[in-house]
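A.B. asks: Sending over a structure as structure tokens; questions will come in a sec.
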Amino acid sequence: MASCDKHYHPALWEDTIENIAKKADKYPLREIESIGLTIKELDQIKTLNHLKYEKLVFVMLCHAKLHNTLFPDNHGWVNATIPEIYRTARVTVKYRKDKFLYLNDIEATGLISFSTRNDNLNLRVNFIDMEGTPVFEISDFRELGYEYLNYYKKGKFARCTECQKLYVRKTNNQKYCELCARSKKMASDRARMEKLRKKSNSEITESP
Ligand SMILES: [Zn+2]
């Protein structure tokens with residue numbers, strides 16, 4: 001808490017934290033290292049034969065399979081919002097309404113179905129294979145669209161040496177994703193400025 005919030009005051013938070021800690025052992029800790037996708041599932045996605053649709057369905061499959069693993073009575077429901085699905089699939093649309101047109105196209109293939117509950121559009125994946133042997137393991141949900149492309153060797157990707165996120169590699173000596181590269185640069189700029197400041201301070205004190 002203290003490292004995240006500089007106004008953190010232990011006394012103000014004690015009750016809240018105690019309460020959370022007390023309830024914690026009521027639920028088993030759910031930690032899943034990765035989810036495995038089977039050839040049957042990947043083949044189903046391939047039948048779409050349209051890269052944007054394939055990436056979208058791939059993201060939905062990953063979320064649905066994760067949720068199925070956590071909750072055996074989930075039956076393929078996707079636990080992610082539509083903006084989240086598009087963002088992590090790295091699928092962009094020209095017009096907002098296209099997002100729903102794409103989903104309608106995919107639904108027409110039977111691979112997914114919809115249900116509207118409380119005004120929310122819920123998506124369900126209909127081709128989950130919980131029995132087959134996994135051929136593709138997913139342990140990082142941040143860049144699922146890139147993971148899909150990387151699996152089929154489409155495009156140049158690398159894993160960030162700092163945060164392990166998959167990113168589009170632009171040069172051969174690139175080591176970090178965009179975000180880590182930026183924070184690394186900021187840190188080194190700050191260190192350089194600090195050094196300069198110290199140097200000019202000592203010059204001032206040293207001068208007669
Ligand atoms: Zn990174």
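Chain lettering (A, B, ...) mirrors the order of the structure tokens, residue numbering begins at 1 for each chain separately, and ligand numbering begins at 1 in order of display.
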Taking only C-alpha atoms and all ligand atoms into account, produce a table as a tab-separated table in which each residue of chain A with an atom at most 8 Å from an atom of ligand 1 appears once, together with its shortest atom pair and the distance in Å to one decimal, ordered by chain and rising number.
C.D. replies:
residue	atom	partner	partner_atom_place_in_ligand_line	distance
A:Arg159	CA	ligand 1	1 (Zn)	7.9
A:Cys160	CA	ligand 1	1 (Zn)	4.7
A:Thr161	CA	ligand 1	1 (Zn)	6.7
A:Glu162	CA	ligand 1	1 (Zn)	5.0
A:Cys163	CA	ligand 1	1 (Zn)	4.0
A:Gln164	CA	ligand 1	1 (Zn)	6.0
A:Lys165	CA	ligand 1	1 (Zn)	5.5
A:Tyr176	CA	ligand 1	1 (Zn)	5.2
A:Cys177	CA	ligand 1	1 (Zn)	4.2
A:Glu178	CA	ligand 1	1 (Zn)	6.8
A:Leu179	CA	ligand 1	1 (Zn)	5.8
A:Cys180	CA	ligand 1	1 (Zn)	4.3
A:Ala181	CA	ligand 1	1 (Zn)	7.1
A.B. asks: If you run DSSP over the backbone, which residues in segment 23-187 of chain A end up strand (DSSP E)? Put them as a PyMOL selection string.
C.D. replies: chain A and resi 35-38+112-117+120-125+134-138+157-159+166-168
A.B. asks: Using the selection just defined, write its residues with N, CA and C atoms as a PDB file, in the first residue's frame.
C.D. replies:
ATOM      1  N   ILE A  35      -3.573 -21.585 -19.980  1.00  0.00           N
ATOM      2  CA  ILE A  35      -4.642 -22.413 -20.539  1.00  0.00           C
ATOM      3  C   ILE A  35      -4.114 -23.010 -21.841  1.00  0.00           C
ATOM      4  N   GLY A  36      -4.524 -24.221 -22.128  1.00  0.00           N
ATOM      5  CA  GLY A  36      -4.039 -24.893 -23.328  1.00  0.00           C
ATOM      6  C   GLY A  36      -5.119 -24.972 -24.389  1.00  0.00           C
ATOM      7  N   LEU A  37      -4.753 -24.620 -25.622  1.00  0.00           N
ATOM      8  CA  LEU A  37      -5.710 -24.699 -26.723  1.00  0.00           C
ATOM      9  C   LEU A  37      -5.402 -25.941 -27.561  1.00  0.00           C
ATOM     10  N   THR A  38      -6.461 -26.559 -28.067  1.00  0.00           N
ATOM     11  CA  THR A  38      -6.272 -27.808 -28.813  1.00  0.00           C
ATOM     12  C   THR A  38      -6.343 -27.559 -30.318  1.00  0.00           C
ATOM     13  N   ILE A 112     -19.986 -18.830 -32.221  1.00  0.00           N
ATOM     14  CA  ILE A 112     -20.346 -18.168 -30.968  1.00  0.00           C
ATOM     15  C   ILE A 112     -21.849 -17.906 -30.958  1.00  0.00           C
ATOM     16  N   SER A 113     -22.399 -17.665 -29.787  1.00  0.00           N
ATOM     17  CA  SER A 113     -23.787 -17.198 -29.727  1.00  0.00           C
ATOM     18  C   SER A 113     -23.908 -16.068 -28.720  1.00  0.00           C
ATOM     19  N   PHE A 114     -24.990 -15.324 -28.811  1.00  0.00           N
ATOM     20  CA  PHE A 114     -25.223 -14.160 -27.952  1.00  0.00           C
ATOM     21  C   PHE A 114     -26.340 -14.428 -26.969  1.00  0.00           C
ATOM     22  N   SER A 115     -26.316 -13.665 -25.912  1.00  0.00           N
ATOM     23  CA  SER A 115     -27.479 -13.598 -25.036  1.00  0.00           C
ATOM     24  C   SER A 115     -27.485 -12.213 -24.417  1.00  0.00           C
ATOM     25  N   THR A 116     -28.659 -11.615 -24.338  1.00  0.00           N
ATOM     26  CA  THR A 116     -28.716 -10.290 -23.729  1.00  0.00           C
ATOM     27  C   THR A 116     -29.324 -10.418 -22.345  1.00  0.00           C
ATOM     28  N   ARG A 117     -28.511 -10.007 -21.359  1.00  0.00           N
ATOM     29  CA  ARG A 117     -28.971 -10.047 -19.982  1.00  0.00           C
ATOM     30  C   ARG A 117     -28.711  -8.680 -19.375  1.00  0.00           C
ATOM     31  N   ASN A 120     -26.789  -6.170 -21.193  1.00  0.00           N
ATOM     32  CA  ASN A 120     -25.415  -6.489 -21.565  1.00  0.00           C
ATOM     33  C   ASN A 120     -25.418  -7.592 -22.612  1.00  0.00           C
ATOM     34  N   LEU A 121     -24.556  -7.432 -23.602  1.00  0.00           N
ATOM     35  CA  LEU A 121     -24.435  -8.469 -24.615  1.00  0.00           C
ATOM     36  C   LEU A 121     -23.424  -9.492 -24.105  1.00  0.00           C
ATOM     37  N   ASN A 122     -23.888 -10.709 -23.870  1.00  0.00           N
ATOM     38  CA  ASN A 122     -22.990 -11.755 -23.410  1.00  0.00           C
ATOM     39  C   ASN A 122     -22.652 -12.679 -24.561  1.00  0.00           C
ATOM     40  N   LEU A 123     -21.395 -13.097 -24.595  1.00  0.00           N
ATOM     41  CA  LEU A 123     -20.939 -13.947 -25.691  1.00  0.00           C
ATOM     42  C   LEU A 123     -20.607 -15.330 -25.158  1.00  0.00           C
ATOM     43  N   ARG A 124     -20.920 -16.313 -25.973  1.00  0.00           N
ATOM     44  CA  ARG A 124     -20.628 -17.692 -25.580  1.00  0.00           C
ATOM     45  C   ARG A 124     -19.894 -18.379 -26.722  1.00  0.00           C
ATOM     46  N   VAL A 125     -18.834 -19.088 -26.386  1.00  0.00           N
ATOM     47  CA  VAL A 125     -18.062 -19.823 -27.391  1.00  0.00           C
ATOM     48  C   VAL A 125     -18.597 -21.247 -27.449  1.00  0.00           C
ATOM     49  N   PRO A 134      -3.597 -30.112 -25.436  1.00  0.00           N
ATOM     50  CA  PRO A 134      -3.250 -28.754 -25.851  1.00  0.00           C
ATOM     51  C   PRO A 134      -2.009 -28.720 -26.746  1.00  0.00           C
ATOM     52  N   VAL A 135      -2.066 -27.854 -27.763  1.00  0.00           N
ATOM     53  CA  VAL A 135      -0.903 -27.674 -28.639  1.00  0.00           C
ATOM     54  C   VAL A 135      -0.350 -26.260 -28.524  1.00  0.00           C
ATOM     55  N   PHE A 136      -1.109 -25.383 -27.869  1.00  0.00           N
ATOM     56  CA  PHE A 136      -0.728 -23.982 -27.778  1.00  0.00           C
ATOM     57  C   PHE A 136      -1.107 -23.481 -26.386  1.00  0.00           C
ATOM     58  N   GLU A 137      -0.084 -23.111 -25.597  1.00  0.00           N
ATOM     59  CA  GLU A 137      -0.327 -22.663 -24.230  1.00  0.00           C
ATOM     60  C   GLU A 137      -0.352 -21.139 -24.164  1.00  0.00           C
ATOM     61  N   ILE A 138      -1.328 -20.601 -23.467  1.00  0.00           N
ATOM     62  CA  ILE A 138      -1.423 -19.148 -23.303  1.00  0.00           C
ATOM     63  C   ILE A 138      -1.296 -18.832 -21.808  1.00  0.00           C
ATOM     64  N   PHE A 157       7.557 -10.688 -33.894  1.00  0.00           N
ATOM     65  CA  PHE A 157       7.242 -10.379 -32.501  1.00  0.00           C
ATOM     66  C   PHE A 157       8.393 -10.780 -31.590  1.00  0.00           C
ATOM     67  N   ALA A 158       8.440 -10.148 -30.424  1.00  0.00           N
ATOM     68  CA  ALA A 158       9.429 -10.520 -29.415  1.00  0.00           C
ATOM     69  C   ALA A 158       8.794 -10.305 -28.056  1.00  0.00           C
ATOM     70  N   ARG A 159       9.363 -10.976 -27.039  1.00  0.00           N
ATOM     71  CA  ARG A 159       8.864 -10.790 -25.688  1.00  0.00           C
ATOM     72  C   ARG A 159       9.736  -9.779 -24.962  1.00  0.00           C
ATOM     73  N   LEU A 166       4.305  -9.571 -25.231  1.00  0.00           N
ATOM     74  CA  LEU A 166       4.640  -9.734 -26.643  1.00  0.00           C
ATOM     75  C   LEU A 166       4.457  -8.389 -27.348  1.00  0.00           C
ATOM     76  N   TYR A 167       5.430  -7.996 -28.164  1.00  0.00           N
ATOM     77  CA  TYR A 167       5.313  -6.725 -28.879  1.00  0.00           C
ATOM     78  C   TYR A 167       5.830  -6.873 -30.295  1.00  0.00           C
ATOM     79  N   VAL A 168       5.465  -5.926 -31.145  1.00  0.00           N
ATOM     80  CA  VAL A 168       5.921  -5.937 -32.536  1.00  0.00           C
ATOM     81  C   VAL A 168       7.352  -5.415 -32.559  1.00  0.00           C
TER      82      VAL A 168
END
A.B. asks: For Asn68 of chain A, find every residue with an atom within 10 Å (counting only C-alpha atoms), except residues of its own chain fewer than 3 positions away, and show them as a CSV table (one decimal) with N, CA, C and O atoms, in the first residue's frame.
C.D. replies:
chain,number,residue,atom,x,y,z
A,62,CYS,N,-10.0,-17.9,-25.6
A,62,CYS,CA,-9.1,-17.8,-24.4
A,62,CYS,C,-9.8,-17.5,-23.1
A,62,CYS,O,-9.7,-18.1,-22.1
A,63,HIS,N,-10.7,-16.4,-23.2
A,63,HIS,CA,-11.4,-16.0,-22.0
A,63,HIS,C,-12.4,-17.0,-21.6
A,63,HIS,O,-12.6,-17.3,-20.4
A,64,ALA,N,-13.1,-17.6,-22.5
A,64,ALA,CA,-14.1,-18.6,-22.2
A,64,ALA,C,-13.5,-19.8,-21.6
A,64,ALA,O,-14.0,-20.4,-20.6
A,65,LYS,N,-12.3,-20.2,-22.1
A,65,LYS,CA,-11.7,-21.4,-21.6
A,65,LYS,C,-11.1,-21.2,-20.2
A,65,LYS,O,-11.2,-22.1,-19.4
A,71,PHE,N,-14.4,-22.1,-13.4
A,71,PHE,CA,-15.8,-22.5,-13.0
A,71,PHE,C,-16.3,-23.5,-13.9
A,71,PHE,O,-16.8,-23.2,-15.0
A,72,PRO,N,-16.3,-24.8,-13.5
A,72,PRO,CA,-16.7,-25.9,-14.4
A,72,PRO,C,-18.2,-25.8,-14.9
A,72,PRO,O,-18.5,-26.3,-16.0
A,73,ASP,N,-19.0,-25.0,-14.3
A,73,ASP,CA,-20.4,-24.8,-14.8
A,73,ASP,C,-20.5,-23.6,-15.7
A,73,ASP,O,-21.6,-23.1,-15.9
A,74,ASN,N,-19.4,-23.0,-16.2
A,74,ASN,CA,-19.5,-21.8,-17.0
A,74,ASN,C,-20.0,-22.0,-18.4
A,74,ASN,O,-20.7,-21.2,-18.9
A,75,HIS,N,-19.8,-23.2,-19.0
A,75,HIS,CA,-20.3,-23.6,-20.3
A,75,HIS,C,-20.0,-22.6,-21.4
A,75,HIS,O,-20.9,-22.2,-22.2
A,76,GLY,N,-18.8,-22.1,-21.4
A,76,GLY,CA,-18.3,-21.4,-22.6
A,76,GLY,C,-18.6,-19.9,-22.6
A,76,GLY,O,-18.3,-19.2,-23.6
A,77,TRP,N,-19.1,-19.3,-21.5
A,77,TRP,CA,-19.4,-17.9,-21.5
A,77,TRP,C,-18.1,-17.1,-21.4
A,77,TRP,O,-17.2,-17.5,-20.7
A,78,VAL,N,-18.1,-16.0,-22.1
A,78,VAL,CA,-16.9,-15.2,-22.2
A,78,VAL,C,-16.9,-14.1,-21.1
A,78,VAL,O,-17.9,-13.4,-21.0
A,79,ASN,N,-15.9,-14.1,-20.2
A,79,ASN,CA,-15.9,-13.1,-19.1
A,79,ASN,C,-15.0,-12.0,-19.5
A,79,ASN,O,-14.0,-11.7,-18.9
A,128,ILE,N,-15.7,-25.2,-27.6
A,128,ILE,CA,-14.6,-25.4,-26.6
A,128,ILE,C,-14.4,-26.9,-26.5
A,128,ILE,O,-15.3,-27.7,-26.3
A,130,MET,N,-12.6,-29.3,-24.1
A,130,MET,CA,-11.9,-29.5,-22.8
A,130,MET,C,-11.1,-30.8,-22.7
A,130,MET,O,-10.4,-31.0,-21.7
A.B. asks: How close does segment 39-143 of chain A get to segment 149-154 of chain A? List, as a tab-separated table, each residue of segment 39-143 of chain A within 12 Å, its nearest atom pair and the distance in Å to one decimal, counting only C-alpha atoms.
C.D. replies:
residue	atom	partner	partner_atom	distance
A:Leu42	CA	A:Tyr151	CA	10.6
A:Lys46	CA	A:Tyr152	CA	10.9
A:Leu51	CA	A:Leu149	CA	9.1
A:Lys52	CA	A:Leu149	CA	10.7
A:Glu54	CA	A:Leu149	CA	9.8
A:Lys55	CA	A:Leu149	CA	8.1
A:Leu56	CA	A:Leu149	CA	11.8
A:Phe58	CA	A:Leu149	CA	10.4
A:Val59	CA	A:Leu149	CA	11.8
A:Ala89	CA	A:Leu149	CA	10.0
A:Arg90	CA	A:Leu149	CA	10.5
A:Val135	CA	A:Tyr151	CA	10.4
A:Phe136	CA	A:Tyr151	CA	8.0
A:Glu137	CA	A:Tyr151	CA	10.1
A:Ile138	CA	A:Tyr151	CA	10.5
A:Glu143	CA	A:Leu149	CA	10.3
A.B. asks: Kindly save the residues from that selection, with all heavy atoms included, as a CSV table (one decimal), in the first residue's frame.
C.D. replies:
chain,number,residue,atom,x,y,z
A,42,LEU,N,-8.3,-24.7,-32.7
A,42,LEU,CA,-7.5,-23.8,-33.6
A,42,LEU,C,-8.1,-24.0,-35.1
A,42,LEU,O,-8.2,-23.1,-35.8
A,42,LEU,CB,-6.0,-24.1,-33.5
A,42,LEU,CG,-5.4,-23.7,-32.2
A,42,LEU,CD1,-3.9,-24.1,-32.1
A,42,LEU,CD2,-5.5,-22.1,-32.0
A,46,LYS,N,-9.7,-21.4,-37.7
A,46,LYS,CA,-9.2,-21.2,-39.1
A,46,LYS,C,-10.3,-21.3,-40.2
A,46,LYS,O,-10.2,-20.7,-41.2
A,46,LYS,CB,-8.2,-22.4,-39.4
A,46,LYS,CG,-6.8,-22.1,-38.9
A,46,LYS,CD,-6.1,-21.3,-40.0
A,46,LYS,CE,-4.9,-20.5,-39.4
A,46,LYS,NZ,-4.7,-19.3,-40.2
A,51,LEU,N,-8.7,-12.9,-41.1
A,51,LEU,CA,-7.8,-12.7,-40.0
A,51,LEU,C,-8.4,-11.9,-38.8
A,51,LEU,O,-8.3,-12.3,-37.6
A,51,LEU,CB,-6.5,-12.0,-40.4
A,51,LEU,CG,-5.4,-12.1,-39.5
A,51,LEU,CD1,-5.1,-13.6,-39.1
A,51,LEU,CD2,-4.1,-11.5,-40.1
A,52,LYS,N,-9.2,-10.8,-39.1
A,52,LYS,CA,-9.8,-10.1,-38.0
A,52,LYS,C,-10.8,-10.9,-37.2
A,52,LYS,O,-10.8,-10.9,-35.9
A,52,LYS,CB,-10.6,-8.8,-38.5
A,52,LYS,CG,-9.6,-7.7,-38.9
A,52,LYS,CD,-10.4,-6.4,-39.3
A,52,LYS,CE,-9.4,-5.3,-39.5
A,52,LYS,NZ,-10.1,-4.0,-39.7
A,54,GLU,N,-10.8,-14.2,-37.0
A,54,GLU,CA,-10.0,-15.2,-36.3
A,54,GLU,C,-9.4,-14.7,-35.0
A,54,GLU,O,-9.5,-15.4,-34.0
A,54,GLU,CB,-8.9,-15.7,-37.2
A,54,GLU,CG,-9.3,-16.6,-38.4
A,54,GLU,CD,-8.2,-16.9,-39.4
A,54,GLU,OE1,-7.0,-17.2,-38.9
A,54,GLU,OE2,-8.4,-16.7,-40.6
A,55,LYS,N,-8.8,-13.5,-35.0
A,55,LYS,CA,-8.2,-13.0,-33.8
A,55,LYS,C,-9.3,-12.7,-32.7
A,55,LYS,O,-9.1,-13.0,-31.6
A,55,LYS,CB,-7.5,-11.7,-34.1
A,55,LYS,CG,-6.2,-11.9,-34.9
A,55,LYS,CD,-5.3,-10.7,-34.9
A,55,LYS,CE,-5.8,-9.6,-35.7
A,55,LYS,NZ,-4.9,-8.4,-35.6
A,56,LEU,N,-10.5,-12.2,-33.2
A,56,LEU,CA,-11.5,-11.9,-32.2
A,56,LEU,C,-12.0,-13.2,-31.6
A,56,LEU,O,-12.2,-13.3,-30.3
A,56,LEU,CB,-12.7,-11.3,-32.9
A,56,LEU,CG,-12.5,-9.8,-33.3
A,56,LEU,CD1,-13.6,-9.3,-34.2
A,56,LEU,CD2,-12.4,-8.9,-32.1
A,58,PHE,N,-10.4,-16.0,-31.3
A,58,PHE,CA,-9.3,-16.5,-30.5
A,58,PHE,C,-9.4,-15.9,-29.1
A,58,PHE,O,-9.2,-16.6,-28.1
A,58,PHE,CB,-8.0,-16.3,-31.2
A,58,PHE,CG,-6.8,-16.7,-30.4
A,58,PHE,CD1,-6.5,-18.1,-30.4
A,58,PHE,CD2,-6.0,-15.8,-29.8
A,58,PHE,CE1,-5.4,-18.5,-29.6
A,58,PHE,CE2,-4.9,-16.2,-29.0
A,58,PHE,CZ,-4.6,-17.6,-29.0
A,59,VAL,N,-9.5,-14.6,-29.0
A,59,VAL,CA,-9.6,-13.9,-27.7
A,59,VAL,C,-10.8,-14.4,-26.9
A,59,VAL,O,-10.7,-14.7,-25.7
A,59,VAL,CB,-9.7,-12.4,-27.9
A,59,VAL,CG1,-9.9,-11.7,-26.6
A,59,VAL,CG2,-8.4,-11.8,-28.6
A,89,ALA,N,-7.4,-8.2,-29.0
A,89,ALA,CA,-7.3,-8.9,-30.3
A,89,ALA,C,-6.5,-8.0,-31.2
A,89,ALA,O,-6.0,-8.5,-32.2
A,89,ALA,CB,-8.7,-9.2,-30.8
A,90,ARG,N,-6.3,-6.7,-30.9
A,90,ARG,CA,-5.7,-5.8,-31.8
A,90,ARG,C,-6.4,-5.7,-33.1
A,90,ARG,O,-5.9,-5.7,-34.2
A,90,ARG,CB,-4.2,-6.2,-32.0
A,90,ARG,CG,-3.3,-6.0,-30.8
A,90,ARG,CD,-2.8,-4.6,-30.7
A,90,ARG,NE,-1.9,-4.4,-29.6
A,90,ARG,CZ,-1.3,-3.3,-29.3
A,90,ARG,NH1,-1.4,-2.3,-30.2
A,90,ARG,NH2,-0.5,-3.1,-28.3
A,135,VAL,N,-2.1,-27.9,-27.8
A,135,VAL,CA,-0.9,-27.7,-28.6
A,135,VAL,C,-0.3,-26.3,-28.5
A,135,VAL,O,0.7,-25.9,-29.0
A,135,VAL,CB,-1.2,-28.0,-30.1
A,135,VAL,CG1,-1.5,-29.4,-30.3
A,135,VAL,CG2,-2.4,-27.1,-30.6
A,136,PHE,N,-1.1,-25.4,-27.9
A,136,PHE,CA,-0.7,-24.0,-27.8
A,136,PHE,C,-1.1,-23.5,-26.4
A,136,PHE,O,-2.3,-23.5,-26.0
A,136,PHE,CB,-1.5,-23.2,-28.9
A,136,PHE,CG,-1.2,-21.7,-29.0
A,136,PHE,CD1,-0.1,-21.1,-28.3
A,136,PHE,CD2,-2.0,-20.9,-29.8
A,136,PHE,CE1,0.1,-19.8,-28.4
A,136,PHE,CE2,-1.8,-19.6,-29.9
A,136,PHE,CZ,-0.7,-19.0,-29.2
A,137,GLU,N,-0.1,-23.1,-25.6
A,137,GLU,CA,-0.3,-22.7,-24.2
A,137,GLU,C,-0.4,-21.1,-24.2
A,137,GLU,O,0.5,-20.5,-24.7
A,137,GLU,CB,0.8,-23.2,-23.3
A,137,GLU,CG,0.8,-24.7,-23.1
A,137,GLU,CD,-0.3,-25.2,-22.2
A,137,GLU,OE1,-0.8,-24.4,-21.3
A,137,GLU,OE2,-0.6,-26.4,-22.3
A,138,ILE,N,-1.3,-20.6,-23.5
A,138,ILE,CA,-1.4,-19.1,-23.3
A,138,ILE,C,-1.3,-18.8,-21.8
A,138,ILE,O,-2.1,-19.3,-21.0
A,138,ILE,CB,-2.8,-18.6,-23.8
A,138,ILE,CG1,-2.8,-18.7,-25.4
A,138,ILE,CG2,-3.1,-17.2,-23.3
A,138,ILE,CD1,-2.0,-17.6,-26.1
A,143,GLU,N,-1.8,-9.5,-24.7
A,143,GLU,CA,-1.7,-9.3,-26.2
A,143,GLU,C,-2.2,-10.5,-26.9
A,143,GLU,O,-1.4,-11.1,-27.7
A,143,GLU,CB,-0.3,-8.9,-26.6
A,143,GLU,CG,0.1,-7.5,-26.1
A,143,GLU,CD,-0.5,-6.3,-26.9
A,143,GLU,OE1,-1.4,-6.6,-27.7
A,143,GLU,OE2,-0.1,-5.2,-26.6
A.B. asks: Which residues, written as a list in words, have at least one atom at most 9 Å from segment 98-111 of chain A, with only C-alpha atoms counted and residues fewer than 6 positions away on the same chain left out?
C.D. replies: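 Returned residues: Gln44, Ile45, Leu48, Lys52, Tyr53, Leu56, Val57, Ile82, Pro83, Tyr86, Thr92, Arg124, Val125, Asn126 and Phe127 of chain A.
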A.B. asks: So how far away is atom CA of Thr171 of chain A from atom CA of Asp140 of chain A, in Å?
C.D. replies: 23.2 Å
A.B. asks: With DSSP run on the backbone, what are the alpha helix (DSSP H) residues within segment 120-176 of chain A? I'd like them as a list in words.
C.D. replies: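 Of segment 120-176 of chain A, only Leu144, Gly145, Tyr146, Glu147, Tyr148, Leu149, Asn150 and Tyr151 of chain A fall in alpha helix (DSSP H).
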